[in-house]
>>> print(open('start.txt').read())   # compact mmCIF, C-alpha atoms and all ligand atoms
# COMPACT_ATOMS: atom_id res chain seq x y z
CA MET A 14 8.04 34.53 62.25
CA VAL A 15 8.19 37.79 60.34
CA ASP A 16 10.58 40.21 61.97
CA ALA A 17 8.24 41.89 64.38
CA GLY A 18 10.28 41.46 67.53
CA SER A 19 13.73 42.91 66.91
CA GLY A 20 12.62 46.01 65.02
CA LEU A 21 15.58 45.54 62.69
CA GLU A 22 15.23 45.70 58.92
CA PRO A 23 15.98 42.42 57.10
CA ILE A 24 19.20 43.85 55.67
CA GLN A 25 20.49 44.70 59.18
CA ILE A 26 19.66 41.21 60.44
CA VAL A 27 21.56 39.68 57.51
CA ALA A 28 24.59 42.00 57.72
CA GLU A 29 24.97 41.70 61.49
CA GLY A 30 24.24 37.98 61.40
CA TYR A 31 26.94 37.22 58.84
CA ASP A 32 29.43 39.50 60.58
CA GLU A 33 28.83 37.32 63.64
CA ILE A 34 28.83 33.86 62.02
CA ALA A 35 31.17 34.34 59.03
CA ASP A 36 33.91 32.03 60.29
CA ARG A 37 31.41 29.40 61.43
CA TYR A 38 29.55 29.52 58.11
CA LEU A 39 32.83 29.02 56.25
CA ASP A 40 33.64 25.89 58.29
CA TRP A 41 30.07 24.63 58.02
CA SER A 42 29.82 25.08 54.26
CA ALA A 43 33.36 23.94 53.41
CA THR A 44 32.36 20.40 52.59
CA ALA A 45 29.12 21.24 50.74
CA PRO A 46 29.51 19.77 47.23
CA ILE A 47 26.45 21.27 45.54
CA ARG A 48 27.89 24.73 44.89
CA LEU A 49 30.83 23.16 43.08
CA ARG A 50 28.61 21.04 40.85
CA TYR A 51 26.87 24.16 39.48
CA LEU A 52 29.99 26.31 39.47
CA GLU A 53 31.69 23.73 37.23
CA GLN A 54 28.75 23.84 34.81
CA LEU A 55 29.03 27.62 34.58
CA LEU A 56 32.81 27.58 34.15
CA GLU A 57 32.46 25.21 31.20
CA LEU A 58 30.15 27.69 29.46
CA LEU A 59 32.14 30.89 30.16
CA ALA A 60 35.01 32.08 27.98
CA PRO A 61 38.21 32.85 29.94
CA GLY A 62 38.55 36.50 30.92
CA SER A 63 34.80 37.07 31.13
CA ASP A 64 33.33 39.84 33.29
CA VAL A 65 31.45 38.25 36.19
CA LEU A 66 29.35 39.83 38.94
CA GLU A 67 28.84 37.84 42.14
CA LEU A 68 26.05 38.88 44.50
CA GLY A 69 26.47 37.84 48.14
CA CYS A 70 29.95 36.39 47.73
CA GLY A 71 30.34 35.55 51.40
CA ALA A 72 33.84 34.43 52.38
CA GLY A 73 34.79 33.90 48.74
CA GLU A 74 35.66 30.23 49.19
CA PRO A 75 35.39 28.30 46.94
CA VAL A 76 33.23 30.23 44.47
CA THR A 77 34.81 33.70 44.24
CA ARG A 78 38.30 32.21 44.37
CA GLN A 79 37.65 29.83 41.48
CA LEU A 80 35.85 32.46 39.40
CA ALA A 81 38.64 35.00 39.95
CA GLU A 82 41.32 32.51 38.90
CA ARG A 83 40.07 32.76 35.30
CA HIS A 84 37.70 35.74 35.05
CA ARG A 85 37.41 39.43 36.00
CA VAL A 86 35.16 39.37 39.06
CA VAL A 87 33.22 42.05 40.90
CA ALA A 88 31.95 40.50 44.14
CA ALA A 89 29.49 42.24 46.46
CA ASP A 90 28.40 41.43 49.99
CA VAL A 91 26.66 43.37 52.73
CA SER A 92 28.71 41.80 55.55
CA ARG A 93 32.03 43.49 56.29
CA ARG A 94 33.47 40.35 57.90
CA GLN A 95 32.49 38.19 54.94
CA LEU A 96 34.22 40.61 52.59
CA GLU A 97 37.40 40.56 54.71
CA LEU A 98 37.48 36.79 54.30
CA ALA A 99 36.72 37.09 50.58
CA GLY A 100 39.74 39.40 50.26
CA GLN A 101 41.92 36.64 51.72
CA HIS A 102 40.51 33.89 49.47
CA ALA A 103 40.09 35.83 46.23
CA PRO A 104 42.51 38.79 46.27
CA GLN A 105 42.12 39.31 42.50
CA ALA A 106 38.38 40.05 42.80
CA GLN A 107 37.08 43.61 43.06
CA LEU A 108 35.12 43.59 46.33
CA VAL A 109 32.15 45.86 47.04
CA LEU A 110 30.55 46.31 50.46
CA ALA A 111 26.88 46.88 49.54
CA ASN A 112 23.32 45.74 49.72
CA MET A 113 22.81 44.09 46.33
CA LEU A 114 19.55 46.05 46.02
CA ASP A 115 21.57 49.29 45.95
CA LEU A 116 23.97 48.25 43.20
CA ALA A 117 23.95 49.99 39.84
CA PHE A 118 26.00 49.21 36.72
CA PRO A 119 25.87 50.41 33.12
CA GLU A 120 23.92 48.25 30.71
CA ALA A 121 25.79 45.29 29.23
CA SER A 122 28.59 45.26 31.84
CA PHE A 123 28.77 41.52 32.54
CA ASP A 124 29.00 38.17 30.78
CA ALA A 125 27.69 36.37 33.86
CA VAL A 126 25.95 37.15 37.12
CA VAL A 127 25.99 34.60 39.94
CA ALA A 128 24.33 34.47 43.36
CA PHE A 129 24.98 31.40 45.50
CA TYR A 130 22.56 31.14 48.46
CA SER A 131 22.17 34.93 48.80
CA LEU A 132 18.88 35.88 47.06
CA THR A 133 17.00 33.87 49.70
CA HIS A 134 18.05 36.49 52.28
CA VAL A 135 16.46 39.33 50.27
CA PRO A 136 12.77 40.17 50.86
CA ARG A 137 10.95 38.48 48.00
CA SER A 138 8.95 41.58 47.10
CA HIS A 139 12.25 42.81 45.56
CA HIS A 140 13.09 39.64 43.62
CA ALA A 141 11.37 40.40 40.31
CA ASP A 142 12.77 43.93 40.16
CA LEU A 143 16.26 42.72 41.10
CA ILE A 144 16.27 39.99 38.45
CA GLY A 145 15.12 42.56 35.89
CA ARG A 146 18.03 44.85 36.80
CA ILE A 147 20.48 41.94 36.68
CA VAL A 148 19.33 41.14 33.15
CA GLY A 149 19.88 44.78 32.18
CA TRP A 150 23.51 44.62 33.39
CA MET A 151 24.24 41.62 31.18
CA ARG A 152 25.57 41.38 27.65
CA PRO A 153 23.56 39.44 25.05
CA GLY A 154 24.29 35.74 25.49
CA GLY A 155 25.22 36.29 29.14
CA LEU A 156 24.69 33.62 31.78
CA VAL A 157 23.06 33.65 35.19
CA LEU A 158 23.61 31.10 37.93
CA LEU A 159 21.25 31.66 40.84
CA THR A 160 20.34 29.70 43.95
CA MET A 161 16.68 30.51 44.54
CA GLY A 162 14.13 29.24 47.01
CA GLY A 163 12.41 25.93 46.46
CA LEU A 164 9.66 26.51 49.01
CA ASP A 165 7.28 29.37 49.81
CA ASN A 166 8.52 31.71 52.56
CA PRO A 167 7.07 35.23 52.73
CA GLY A 168 9.76 36.36 55.19
CA THR A 169 10.91 34.76 58.44
CA VAL A 170 13.62 35.21 61.03
CA GLU A 171 15.31 32.10 62.40
CA GLU A 172 16.43 33.17 65.85
CA ASP A 173 19.44 30.86 66.00
CA TRP A 174 20.94 30.08 62.62
CA LEU A 175 24.52 28.96 63.21
CA GLY A 176 24.46 31.16 66.31
CA ALA A 177 22.78 34.39 65.16
CA PRO A 178 19.33 35.53 64.03
CA MET A 179 18.94 35.22 60.25
CA TYR A 180 16.34 36.46 57.77
CA PHE A 181 14.99 34.35 54.87
CA SER A 182 12.42 35.11 52.18
CA HIS A 183 11.64 33.38 48.87
CA PHE A 184 9.03 32.06 46.47
CA ASP A 185 8.51 28.40 45.68
CA ALA A 186 10.20 26.73 42.70
CA PRO A 187 7.41 27.10 40.10
CA THR A 188 6.99 30.79 40.95
CA ASN A 189 10.74 31.34 40.68
CA ARG A 190 10.94 29.57 37.31
CA ALA A 191 8.18 31.83 35.98
CA LEU A 192 9.80 34.93 37.46
CA ILE A 193 13.13 34.18 35.76
CA GLN A 194 11.52 33.48 32.39
CA ARG A 195 9.40 36.64 32.56
CA ALA A 196 12.64 38.62 33.01
CA GLY A 197 13.83 37.33 29.61
CA VAL A 198 16.14 34.56 30.80
CA ARG A 199 16.09 31.26 28.85
CA LEU A 200 16.41 28.40 31.33
CA LEU A 201 19.25 26.00 30.56
CA SER A 202 18.54 24.10 33.77
CA ALA A 203 16.41 24.64 36.87
CA ASP A 204 16.84 21.84 39.40
CA THR A 205 15.14 21.53 42.75
CA VAL A 206 17.71 20.14 45.19
CA GLU A 207 17.17 18.97 48.76
CA GLU A 208 20.11 19.94 50.92
CA ASP A 209 21.68 17.52 53.35
CA ALA A 210 20.63 16.73 56.89
CA ARG A 211 22.63 19.62 58.38
CA ASP A 212 19.93 21.97 57.13
CA ALA A 213 16.80 19.90 57.50
CA GLY A 214 14.00 20.90 55.16
CA ALA A 215 16.11 23.22 53.02
CA ARG A 216 15.19 22.98 49.36
CA PHE A 217 16.65 25.25 46.71
CA LEU A 218 16.06 25.89 43.03
CA TRP A 219 19.37 26.01 41.13
CA VAL A 220 18.93 28.08 37.98
CA ILE A 221 21.35 28.35 35.08
CA GLY A 222 20.03 30.54 32.30
CA ARG A 223 21.02 32.60 29.29
CA VAL A 224 19.99 36.12 28.32
CA ASP A 225 19.46 36.08 24.55
C1 LIG A 301 24.53 31.82 52.76
S1 LIG A 301 25.79 33.02 52.50
C2 LIG A 301 26.49 32.42 50.99
C3 LIG A 301 27.85 32.98 50.72
C4 LIG A 301 28.49 32.47 49.44
N1 LIG A 301 27.75 32.89 48.27
C5 LIG A 301 28.61 30.97 49.50
O1 LIG A 301 27.95 30.27 48.73
O2 LIG A 301 29.38 30.49 50.34
C6 LIG A 301 24.85 34.43 51.95
C7 LIG A 301 25.69 35.68 51.74
O3 LIG A 301 24.90 36.65 51.06
C8 LIG A 301 25.10 37.92 51.66
N2 LIG A 301 23.89 38.71 51.45
C9 LIG A 301 22.63 38.42 51.84
N3 LIG A 301 21.78 39.40 51.49
C10 LIG A 301 22.53 40.34 50.84
C11 LIG A 301 22.23 41.58 50.23
N4 LIG A 301 20.99 42.09 50.23
N5 LIG A 301 23.24 42.27 49.64
C12 LIG A 301 24.50 41.78 49.64
N6 LIG A 301 24.85 40.62 50.22
C13 LIG A 301 23.87 39.89 50.81
C14 LIG A 301 25.36 37.60 53.13
O4 LIG A 301 26.02 38.64 53.80
C15 LIG A 301 26.18 36.33 53.03
O5 LIG A 301 27.55 36.58 52.97
>>> encode(input="start.txt", output="structure tokens", more="lines below")
Ligand SMILES: C[S@@+](CC[C@H](N)C(=O)[O-])C[C@H]1O[C@@H](n2cnc3c(N)ncnc32)[C@H](O)[C@@H]1O
Amino acid sequence: MVDAGSGLEPIQIVAEGYDEIADRYLDWSATAPIRLRYLEQLLELLAPGSDVLELGCGAGEPVTRQLAERHRVVAADVSRRQLELAGQHAPQAQLVLANMLDLAFPEASFDAVVAFYSLTHVPRSHHADLIGRIVGWMRPGGLVLLTMGGLDNPGTVEEDWLGAPMYFSHFDAPTNRALIQRAGVRLLSADTVEEDARDAGARFLWVIGRVD
């Protein structure tokens, strides 16, 4: 269902939803191993003390915390409650309360940009432009690690997602692969992964790529 009923913009649904469910999401996702598998791959490729931007950092556990233990991290999220939790888990990170679509940085600011499970909450009509801007913020040789959609979803609201309405929007995996490559990112890996039974039918594309 596209958001016709509530009259809220997608960004309001996402911000209010995560303010509401932040603690529940943290408990729910605590045992999910997939994020760690890809985070470890990125950490192996990144020199210590790198500049890293994280988009949609959520509660900062475990990703922001582990990144900030060895790198300089700027972490953005649109949910105030999520950022409060991120401040507890990753106090070294520089936290920014913002819609990722409103962010602006000078060219060549970062050695890596990561987004774990957050781009799929952004209306997909913005994805190509956003990826293009991300690439512009990166230094040559920089790395991206992005969780993208694996299935086609033009924009839907799940009325009860862990207890609150939640907005989702994404392209399918082949479209996302093409979108990333068109932005000038060389794919190092792009795996389609089925998530576990807690989120039936969820399929994501995990992208690790390099900007040459
Ligand atoms: C599924 S949670 C994932 C959180 C964290 N990355 C993790 O893996 O645990 C998605 C997060 O992205 C944030 N988010 C979604 N859309 C956003 C946007 N347009 N700008 C900034 N943050 C956004 C949400 O507030 C939420 O905290």
>>> closest_residue(input="start.txt", among="A:Thr44, A:Thr133, A:Asn112, A:Gln105", to="Ala89 in chain A", atoms="only C-alpha atoms")
A:Asn112
>>> closest_residue(input="start.txt", among="A:Val157, A:Ala111, A:Pro104, A:Ile144", to="Val65 in chain A", atoms="only C-alpha atoms")
A:Val157
>>> closest_residue(input="start.txt", among="A:Val206, A:Ala125, A:Leu201, A:Leu143", to="ligand LIG 301 (chain A)", atoms="all atoms listed in the file")
A:Leu143
>>> atom_distance(input="start.txt", atom1="CA of Gly162 in chain A", atom2="CA of Phe184 in chain A")
5.9 Å
>>> residues_around(input="start.txt", residues="Ile147 in chain A", least_positions_apart="3", cutoff="12 Å", atoms="all atoms listed in the file", output="ChimeraX atom specification")
/A:65-68,113-128,140-144,150-152,155-159,193,196-198,223-224
>>> residues_around(input="start.txt", residues="range 73-75 of chain A", least_positions_apart="4", cutoff="9 Å", atoms="only C-alpha atoms", output="list of chain:residue names")
A:Leu39, A:Ala43, A:Arg48, A:Leu49, A:Gln79, A:Leu80, A:Ala88, A:Gln95, A:Leu96, A:Leu98, A:Ala99, A:Gly100, A:Gln101, A:His102, A:Ala103
>>> closest_residue(input="start.txt", among="A:Trp41, A:Tyr180, A:Trp219, A:Phe129", to="ligand LIG 301 (chain A)", atoms="all atoms listed in the file")
A:Phe129
>>> decode(input="start.txt", residues="range 81-177 of chain A", atoms="C-alpha atoms", output="mmCIF file, in the first residue's frame")
data_model
loop_
_atom_site.group_PDB
_atom_site.id
_atom_site.type_symbol
_atom_site.label_atom_id
_atom_site.label_comp_id
_atom_site.auth_asym_id
_atom_site.auth_seq_id
_atom_site.Cartn_x
_atom_site.Cartn_y
_atom_site.Cartn_z
ATOM 1 C CA ALA A 81 34.192 4.012 15.764
ATOM 2 C CA GLU A 82 36.602 1.805 17.722
ATOM 3 C CA ARG A 83 39.120 2.107 14.860
ATOM 4 C CA HIS A 84 37.953 4.886 12.525
ATOM 5 C CA ARG A 85 36.699 8.487 12.536
ATOM 6 C CA VAL A 86 32.943 8.107 12.076
ATOM 7 C CA VAL A 87 30.189 10.532 11.138
ATOM 8 C CA ALA A 88 26.873 8.745 11.700
ATOM 9 C CA ALA A 89 23.523 10.167 10.587
ATOM 10 C CA ASP A 90 19.986 9.115 11.401
ATOM 11 C CA VAL A 91 16.601 10.782 11.119
ATOM 12 C CA SER A 92 15.256 9.272 14.368
ATOM 13 C CA ARG A 93 16.082 11.197 17.534
ATOM 14 C CA ARG A 94 15.624 8.119 19.735
ATOM 15 C CA GLN A 95 17.900 6.016 17.547
ATOM 16 C CA LEU A 96 20.599 8.675 17.786
ATOM 17 C CA GLU A 97 20.281 8.798 21.594
ATOM 18 C CA LEU A 98 20.980 5.069 21.658
ATOM 19 C CA ALA A 99 23.836 5.467 19.165
ATOM 20 C CA GLY A 100 25.386 8.036 21.521
ATOM 21 C CA GLN A 101 25.389 5.403 24.274
ATOM 22 C CA HIS A 102 26.883 2.652 22.102
ATOM 23 C CA ALA A 103 29.355 4.688 20.053
ATOM 24 C CA PRO A 104 30.252 7.834 22.022
ATOM 25 C CA GLN A 105 33.306 8.484 19.817
ATOM 26 C CA ALA A 106 31.186 8.892 16.669
ATOM 27 C CA GLN A 107 30.052 12.315 15.478
ATOM 28 C CA LEU A 108 26.255 11.990 15.367
ATOM 29 C CA VAL A 109 24.022 13.969 13.005
ATOM 30 C CA LEU A 110 20.230 14.132 13.247
ATOM 31 C CA ALA A 111 19.212 14.437 9.578
ATOM 32 C CA ASN A 112 17.428 12.992 6.620
ATOM 33 C CA MET A 113 20.262 11.456 4.606
ATOM 34 C CA LEU A 114 18.809 13.145 1.512
ATOM 35 C CA ASP A 115 19.587 16.545 3.069
ATOM 36 C CA LEU A 116 23.232 15.824 3.878
ATOM 37 C CA ALA A 117 26.011 17.709 2.125
ATOM 38 C CA PHE A 118 29.782 17.239 2.438
ATOM 39 C CA PRO A 119 32.763 18.577 0.510
ATOM 40 C CA GLU A 120 34.095 16.371 -2.264
ATOM 41 C CA ALA A 121 36.523 13.647 -1.195
ATOM 42 C CA SER A 122 35.596 13.733 2.517
ATOM 43 C CA PHE A 123 35.370 9.998 3.213
ATOM 44 C CA ASP A 124 37.288 6.756 2.733
ATOM 45 C CA ALA A 125 34.106 4.719 3.180
ATOM 46 C CA VAL A 126 30.358 5.211 3.216
ATOM 47 C CA VAL A 127 28.124 2.548 4.755
ATOM 48 C CA ALA A 128 24.352 2.130 4.986
ATOM 49 C CA PHE A 129 23.040 -0.963 6.755
ATOM 50 C CA TYR A 130 19.309 -1.552 6.104
ATOM 51 C CA SER A 131 18.528 2.172 5.727
ATOM 52 C CA LEU A 132 18.376 2.918 1.968
ATOM 53 C CA THR A 133 15.330 0.647 1.722
ATOM 54 C CA HIS A 134 13.375 3.232 3.763
ATOM 55 C CA VAL A 135 14.136 6.009 1.249
ATOM 56 C CA PRO A 136 11.773 6.514 -1.728
ATOM 57 C CA ARG A 137 13.526 4.794 -4.621
ATOM 58 C CA SER A 138 13.098 7.756 -6.968
ATOM 59 C CA HIS A 139 15.941 9.322 -4.900
ATOM 60 C CA HIS A 140 18.283 6.328 -4.952
ATOM 61 C CA ALA A 141 20.278 7.075 -8.104
ATOM 62 C CA ASP A 142 20.805 10.715 -7.141
ATOM 63 C CA LEU A 143 21.767 9.769 -3.577
ATOM 64 C CA ILE A 144 24.301 7.162 -4.719
ATOM 65 C CA GLY A 145 25.773 9.739 -7.102
ATOM 66 C CA ARG A 146 26.203 12.222 -4.243
ATOM 67 C CA ILE A 147 27.723 9.536 -2.010
ATOM 68 C CA VAL A 148 30.315 8.802 -4.696
ATOM 69 C CA GLY A 149 31.132 12.513 -4.879
ATOM 70 C CA TRP A 150 31.845 12.601 -1.120
ATOM 71 C CA MET A 151 34.365 9.769 -1.406
ATOM 72 C CA ARG A 152 38.100 9.798 -1.950
ATOM 73 C CA PRO A 153 39.553 7.809 -4.870
ATOM 74 C CA GLY A 154 39.813 4.169 -3.825
ATOM 75 C CA GLY A 155 37.033 4.636 -1.267
ATOM 76 C CA LEU A 156 34.689 1.824 -0.300
ATOM 77 C CA VAL A 157 30.924 1.565 -0.065
ATOM 78 C CA LEU A 158 29.005 -1.049 1.891
ATOM 79 C CA LEU A 159 25.279 -0.813 1.220
ATOM 80 C CA THR A 160 22.280 -2.975 2.050
ATOM 81 C CA MET A 161 19.939 -2.500 -0.902
ATOM 82 C CA GLY A 162 16.654 -4.089 -1.852
ATOM 83 C CA GLY A 163 16.561 -7.506 -3.444
ATOM 84 C CA LEU A 164 12.959 -7.272 -4.626
ATOM 85 C CA ASP A 165 10.889 -4.663 -6.462
ATOM 86 C CA ASN A 166 8.908 -2.343 -4.156
ATOM 87 C CA PRO A 167 7.785 1.030 -5.526
ATOM 88 C CA GLY A 168 6.840 2.275 -2.042
ATOM 89 C CA THR A 169 4.698 0.636 0.629
ATOM 90 C CA VAL A 170 3.714 1.202 4.233
ATOM 91 C CA GLU A 171 3.573 -1.810 6.537
ATOM 92 C CA GLU A 172 1.026 -0.802 9.139
ATOM 93 C CA ASP A 173 2.528 -2.854 11.958
ATOM 94 C CA TRP A 174 6.265 -3.356 11.653
ATOM 95 C CA LEU A 175 7.561 -4.197 15.119
ATOM 96 C CA GLY A 176 4.656 -2.150 16.465
ATOM 97 C CA ALA A 177 4.602 0.972 14.271
#
